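Remarks on the structure that follows.
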Amino acid sequence: MNISRREFIGTAAMAGATTLFGGGKDTFIWAYLVHLGMNSWADIKLECWGKKTGLPAFTHSYMDYLRFDREQWDFVTGEMAKAGMNMIVIDLAEGVKFDSHPELAVKGSWSKEEMKKELDRLRGMGLEPIPKMNFSTCHDSWLKDYHRMVSTRKYYEVCSDLIREVSELFGHPRYLHLGYDEENYGNQTQYEFVVVRQGELWWHDFLWFAKTTEATGMRPWIWSDYYHKHEEEFLRRMPKSVLQSNWYYGNDFDPKTSVAAKTYLAFDKAGFDQVPCGSNWATDQNFGLTVDFAKRNISKEHLKGFFMAPWTRTLNAFRQKDGEAIDLVKAAMKAAGTDS
C-alpha cells in the first residue's frame, strides 16, 4: 500500500507517542536558549542587564534586518559543547526564510540550506537542536501582519504551515518550544498594539497549537507562567503531553513564600513532565539553586532536565554574560552528579 509522506509521519508519530510523550527513555536535558531572530518583542526598550554589566539598553522593536553576530553564535555553541551540555533551543523568529511564508524573512535571514548545514554541525558537536517559535501574543511580532490576525482562519493556516515546515527542517525533532509566555496586558503596556487572549479563546488556541505540533511528531514545550494566575484550570485542562518549563530567576525557593517552588511541587504532584528554567539574568545563584531544589523535590520520573535562559542576544556585546551563564550550568551539572 502506498502512503504519502505526511501520512507516514502521522503514523510514526502515533506509534511513537507512548515513548516520546511518556518519558523514561529520553536523554536527561541540559539546555541553553539562543536567539537567531529577535523580532519577538515590539515597541519596548529595556535594560537587558542594566548597570550590572554596563551594557546599553536594548531596543526591542521590529527591525527589517537580522541582528546576529556569527562569532558570538560560534562562541556560545563551542562553550556549550565543552561544558558537556546536550541541547540548544533556537528561538527562530525571523531568523529563517521559510518556503511556506518567505514574507516573514528579513535581510540576512538564513536560508533553509544554511540552517540544515548548521543543524548538522551542532549535532556533530553533541548538541541536539530544538526549534522555538513563540506564539504568545506578547512575543509574536515576528509574524508581521499575521501578528494582527490572531485567532482568525488565516492565522491558523500560517501557523500550521510554519509548524509543519520547521518540523521537516529540523528532521522531526523531539520537541517544539511554543513559547506562550507573558500573554497579559501587564507585559504589553508599552506596546502600540496590544493583543491578549483569555478564557475559552486562550484554551482553544493553545490546545490547537498543541494538537498541531503533536501531529508532526514533535512534543509541545511551553513556558508555564499561565499557571500562576489560573492554577485550578491549568491543572485540570493542560494535557500531560505538554512539557513544562516554569521559569524563575530569583533566589527564594521556600515553598511557603516562593511561587516558583509551589509551582514545581504542584506540577510534580499533578504528574507533569518538567524542565525547570533558571537564568543569570538577575542573580548568579539562581541556576544552581533551581537545580538543587528540583533534584530534591521533583520525582525522577517527571524531571526531564534543566534549561538555562540567559536572555542574552546573539551579539558580541554579550560574550561575557553568555560565558558566565554556561559556566554556571557546568557547575550545576557537576553538583548534580552522574545520575542526571
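Simple scheme: letters A, B, ... for chains in C-alpha cells order, numbers from 1 for residues in each chain, numbers from 1 for ligands in the order shown.
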
Inset, instruction - Could you give me, as an MDAnalysis selection string, each residue of stretch 163-222 of chain A that DSSP assigns to strand (DSSP E) when run on this structure's backbone? - result: chainID A and resid 175:179 219:222

Deliver the residues from the most recent selection as a file, using C-alpha atoms, as a PDB file, in the first residue's frame.
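Output below, filename out_5.pdb:
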ATOM      1  CA  TYR A 175      10.212  18.960  20.808  1.00  0.00           C
ATOM      2  CA  LEU A 176       8.906  22.285  19.575  1.00  0.00           C
ATOM      3  CA  HIS A 177       9.003  25.096  22.108  1.00  0.00           C
ATOM      4  CA  LEU A 178       5.851  27.157  21.558  1.00  0.00           C
ATOM      5  CA  GLY A 179       6.736  29.939  23.987  1.00  0.00           C
ATOM      6  CA  ARG A 219       6.154  17.215  21.607  1.00  0.00           C
ATOM      7  CA  PRO A 220       4.869  20.690  22.590  1.00  0.00           C
ATOM      8  CA  TRP A 221       7.007  22.509  25.158  1.00  0.00           C
ATOM      9  CA  ILE A 222       5.960  25.773  26.812  1.00  0.00           C
TER      10      ILE A 222
END

Inset, instruction - Find the residues around A:Leu303 up to 8 Å (only C-alpha atoms counted), leave out those fewer than 4 positions away in its own chain, and share them as a list of chain:residue names. - result: A:Asp273, A:Gln274, A:Val275, A:Ala294, A:Lys295, A:Ile298, A:Ser299

Inset, instruction - Name the residues of stretch 44-233 of chain A that come out as helix (DSSP H, G or I) in a backbone DSSP run; write them as a VMD selection string. - result: chain A and resid 50 to 52 70 to 83 93 to 95 102 to 104 112 to 124 141 to 148 153 to 169 186 to 188 199 to 214 225 to 229 231 to 233

Inset, instruction - List the neighbours of A:Ala261 out to 10 Å using only C-alpha atoms; skip same-chain residues closer than 3 positions along the sequence, and give me the result as an MDAnalysis selection string. - result: chainID A and resid 246 248 252:258 264:266 290 293:294 297

Inset, instruction - Excluding stretch 145-157 of chain A and residues on its chain fewer than 4 positions from it, collect all residues at most 10 Å away from it, counting only C-alpha atoms, and give them as a list in words. - result: Glu103, Leu104, Phe135, Ser136, Thr137, Cys138, His139, Asp140, Ser141, Asp161, Leu162, Phe193, Val194, Val195, Val196, Arg197, Leu201, Trp202, His204, Asp205, Trp208, Phe209 and Thr212 of chain A

File dump, residues just selected, N, CA and C atoms, as a compact mmCIF listing (two decimals), in the first residue's frame:
# COMPACT_ATOMS: atom_id res chain seq x y z
N GLU A 103 7.59 35.78 3.22
CA GLU A 103 7.33 37.18 3.56
C GLU A 103 7.70 37.51 5.01
N LEU A 104 7.93 36.50 5.83
CA LEU A 104 8.30 36.74 7.22
C LEU A 104 9.79 36.99 7.40
N PHE A 135 4.54 31.74 20.04
CA PHE A 135 3.22 32.12 19.56
C PHE A 135 2.40 32.87 20.61
N SER A 136 3.05 33.29 21.69
CA SER A 136 2.39 34.21 22.62
C SER A 136 2.14 35.53 21.91
N THR A 137 0.99 36.15 22.15
CA THR A 137 0.72 37.44 21.51
C THR A 137 1.63 38.54 22.05
N CYS A 138 2.32 38.25 23.13
CA CYS A 138 3.28 39.20 23.68
C CYS A 138 4.61 39.15 22.94
N HIS A 139 4.85 38.04 22.21
CA HIS A 139 6.17 37.83 21.61
C HIS A 139 6.10 37.34 20.17
N ASP A 140 5.09 37.76 19.44
CA ASP A 140 4.91 37.22 18.09
C ASP A 140 4.95 38.27 16.99
N SER A 141 5.62 39.40 17.26
CA SER A 141 5.70 40.42 16.22
C SER A 141 6.53 39.95 15.03
N ASP A 161 1.29 26.00 8.76
CA ASP A 161 2.32 25.87 7.73
C ASP A 161 3.72 25.93 8.36
N LEU A 162 3.93 26.88 9.25
CA LEU A 162 5.24 27.08 9.86
C LEU A 162 5.63 25.91 10.74
N PHE A 193 0.42 48.09 19.94
CA PHE A 193 -0.69 47.20 19.56
C PHE A 193 -0.73 46.07 20.57
N VAL A 194 -1.83 45.95 21.28
CA VAL A 194 -1.95 45.00 22.39
C VAL A 194 -2.97 43.92 22.04
N VAL A 195 -2.57 42.65 22.21
CA VAL A 195 -3.47 41.52 21.99
C VAL A 195 -3.34 40.57 23.16
N VAL A 196 -4.45 40.23 23.77
CA VAL A 196 -4.45 39.28 24.89
C VAL A 196 -5.63 38.33 24.71
N ARG A 197 -5.33 37.05 24.51
CA ARG A 197 -6.39 36.04 24.53
C ARG A 197 -6.64 35.64 25.97
N LEU A 201 -11.01 31.33 24.64
CA LEU A 201 -10.21 31.56 23.43
C LEU A 201 -8.76 31.19 23.67
N TRP A 202 -8.22 31.52 24.83
CA TRP A 202 -6.83 31.13 25.14
C TRP A 202 -6.70 29.62 25.06
N HIS A 204 -8.69 27.42 23.55
CA HIS A 204 -8.94 26.95 22.19
C HIS A 204 -7.67 27.03 21.37
N ASP A 205 -7.03 28.20 21.40
CA ASP A 205 -5.83 28.38 20.58
C ASP A 205 -4.66 27.55 21.09
N TRP A 208 -5.13 23.99 20.18
CA TRP A 208 -4.93 23.86 18.74
C TRP A 208 -3.44 23.77 18.42
N PHE A 209 -2.64 24.64 19.04
CA PHE A 209 -1.20 24.60 18.82
C PHE A 209 -0.60 23.28 19.29
N THR A 212 -1.63 20.57 16.78
CA THR A 212 -0.94 20.76 15.50
C THR A 212 0.53 20.34 15.61

Inset, instruction - Rounded to one decimal place, report the atom CA of A:Gly78-atom CA of A:Met333 distance in Å. - result: 17.1 Å

Legend entry - Among listed residues A:Cys277, A:Leu143, A:Val329, A:Val76, nearest A:Asn316 (using only C-alpha atoms):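 Once distances to A:Asn316 are computed over only C-alpha atoms, the minimum belongs to A:Val76.
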